[in-house]
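A short worksheet on the structure shown next.
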Amino acid sequence: MPSPLILASTSVYRRELLGRLGLAFDTARPQTDETPLPGEAPAALAARLAVAKAAAVAAQQPQAWVIGSDQVAEFDGRPIGKPGGRDGALAQLQAMSGREVRFLTGLCVLRHGRPALTALDTTTVRFRELDAAEIARYVDAEQPYDCAGSFKSEGLGIALFEAIESSDPTALIGLPLIATARLLRQAGYALP
């Protein structure tokens with residue numbers, strides 16, 4: 001019998017993705033401070049937060065393997081967060097029009113007292129040139145206020161792009177399943 005598995009996230013997107021692997025799991029909200037450290041690069045931030053989220057839950061559930069994940073959007077070398085509302089989403093998409101944004105997704109599979117199993121996925125999104133009316137139509141249709149970068153690639157947001165460059169199409173949604181499956185196999189879970 002495998003150890004209990006916990007997703008250290010209450011994100012509906014991550015929960016739906018992990019469900020694709022067919023493993024029983026619970027979810028828990030990690031209590032972590034997500035404030036970037038001074039001068040912290042976006043990739044380092046994503047990696048650190050993934051480990052911190054997994055560790056926070058693993059400390060409370062030492063018998064379980066815990067999956068932590070965090071995604072940081074990097075634009076012009078700086079992290080960008082969730083827009084928080086319509087005006088923020090409009091501004092983010094206008095700034096990214098015709099440009100590239102990197103999405104760095106940190107992943108950690110951890111059991112208390114054992115070494116962390118980690119991975120980092122980089123996905124590059126190239127936005128097409130967008131006019132103000134297109135941006136407003138999109139934002140009003142999907143209201144992507146809880147998504148870094150102000151879009152949902154699994155929905156209508158795909159129409160905003162010229163290309164997505166990634167080794168794992170699920171990473172952009174928030175949980176890179178290829179790396180997750182690899183790390184879970186290393187932890188002893190039976191996956192195809």
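Chain identifiers are assigned as A, B, and so on, following the order in which chains appear in the structure tokens; residues are numbered from 1 within each chain, and ligands are numbered from 1 in order of appearance.
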Pull the closest atom pair for each residue of region 40-121 of chain A that gets at most 10 Å from region 141-153 of chain A, along with the distance in Å to one decimal, counting only C-alpha atoms, ordering rows by chain and then ascending residue number, as a tab-separated table.
residue	atom	partner	partner_atom	distance
A:Gln71	CA	A:Ala148	CA	8.2
A:Val72	CA	A:Ala148	CA	7.4
A:Ala73	CA	A:Ala148	CA	6.2
A:Glu74	CA	A:Gly149	CA	9.0
A:Phe75	CA	A:Gly149	CA	9.1
A:Pro79	CA	A:Ala148	CA	9.4
A:Ile80	CA	A:Ala148	CA	6.7
A:Gly81	CA	A:Ala148	CA	5.0
A:Lys82	CA	A:Ala148	CA	4.1
A:Pro83	CA	A:Tyr145	CA	5.3
A:Gly84	CA	A:Tyr145	CA	4.9
A:Gly85	CA	A:Tyr145	CA	5.1
A:Arg86	CA	A:Tyr145	CA	6.8
A:Asp87	CA	A:Tyr145	CA	9.5
A:Gly88	CA	A:Tyr145	CA	7.9
A:Ala89	CA	A:Ser150	CA	5.1
A:Leu90	CA	A:Ser150	CA	8.0
A:Ala91	CA	A:Ser150	CA	9.2
A:Gln92	CA	A:Gly149	CA	6.5
A:Leu93	CA	A:Ser150	CA	6.6
A:Met96	CA	A:Gly149	CA	8.4
A:Val101	CA	A:Gly149	CA	8.2
A:Arg102	CA	A:Gly149	CA	9.7
A:Phe103	CA	A:Ala148	CA	8.9
Can you tell me, as a list in words, what residues are no more than 8 Å from Ala56 (chain A) when counting only C-alpha atoms, ignoring any on the same chain fewer than 2 positions away?
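Once the adjacent positions are removed, what remains is Pro30, Gln31, Thr32, Ala52, Lys53, Ala54, Ala58, Ala59 and Gln60 of chain A.
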Per DSSP on the backbone, what are the strand (DSSP E) residues of chain A, as a PyMOL selection string?
chain A and resi 5-7+26-27+65-75+78-80+100-111+117-127+161-165
Dump as JSON lines the rows for residues of region 6-34 of chain A within 10 Å of region 64-69 of chain A: closest atom pair and distance in Å with one decimal, only C-alpha atoms counted, ordered by chain and rising residue number.
{"residue": "A:Ile6", "atom": "CA", "partner": "A:Val66", "partner_atom": "CA", "distance": 4.8}
{"residue": "A:Leu7", "atom": "CA", "partner": "A:Ile67", "partner_atom": "CA", "distance": 4.8}
{"residue": "A:Ala8", "atom": "CA", "partner": "A:Gly68", "partner_atom": "CA", "distance": 5.1}
{"residue": "A:Ser9", "atom": "CA", "partner": "A:Gly68", "partner_atom": "CA", "distance": 7.1}
{"residue": "A:Arg14", "atom": "CA", "partner": "A:Ser69", "partner_atom": "CA", "distance": 8.6}
{"residue": "A:Leu18", "atom": "CA", "partner": "A:Ile67", "partner_atom": "CA", "distance": 9.7}
{"residue": "A:Phe25", "atom": "CA", "partner": "A:Val66", "partner_atom": "CA", "distance": 9.4}
{"residue": "A:Asp26", "atom": "CA", "partner": "A:Val66", "partner_atom": "CA", "distance": 9.5}
{"residue": "A:Thr27", "atom": "CA", "partner": "A:Val66", "partner_atom": "CA", "distance": 9.2}
{"residue": "A:Ala28", "atom": "CA", "partner": "A:Val66", "partner_atom": "CA", "distance": 9.4}
{"residue": "A:Pro30", "atom": "CA", "partner": "A:Gly68", "partner_atom": "CA", "distance": 8.7}
Find the residues around Leu120 (chain A) up to 12 Å (only C-alpha atoms counted), leave out those fewer than 4 positions away in its own chain, and share them as a VMD selection string.
chain A and resid 42 to 51 68 to 72 103 to 109 166 to 168 171 to 172 174 to 180 183
Polymer residues at most 12 Å from Leu130 (chain A), only C-alpha atoms, same-chain spacing of 2 or more positions, as a list in words:
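In the requested format, the answer is Leu90, Ala91, Gln92, Leu93, Gln94, Ala95, Met96, Ser97, Gly98, Arg99, Arg126, Phe127, Arg128, Ala132, Ala133, Glu134, Ile135, Ala136, Arg137, Tyr138, Ala159, Leu160, Phe161 and Glu162 of chain A.
Coordinates place CA of Arg185 (chain A) at a distance of 23.5 Å from CA of Val12 (chain A).
Near Tyr189 (chain A), within a cut-off of 9 Å and counting only C-alpha atoms, sit the residues Pro2, Ser3, Leu23, Ala181 and Leu183 of chain A, with same-chain residues fewer than 6 positions away left out.
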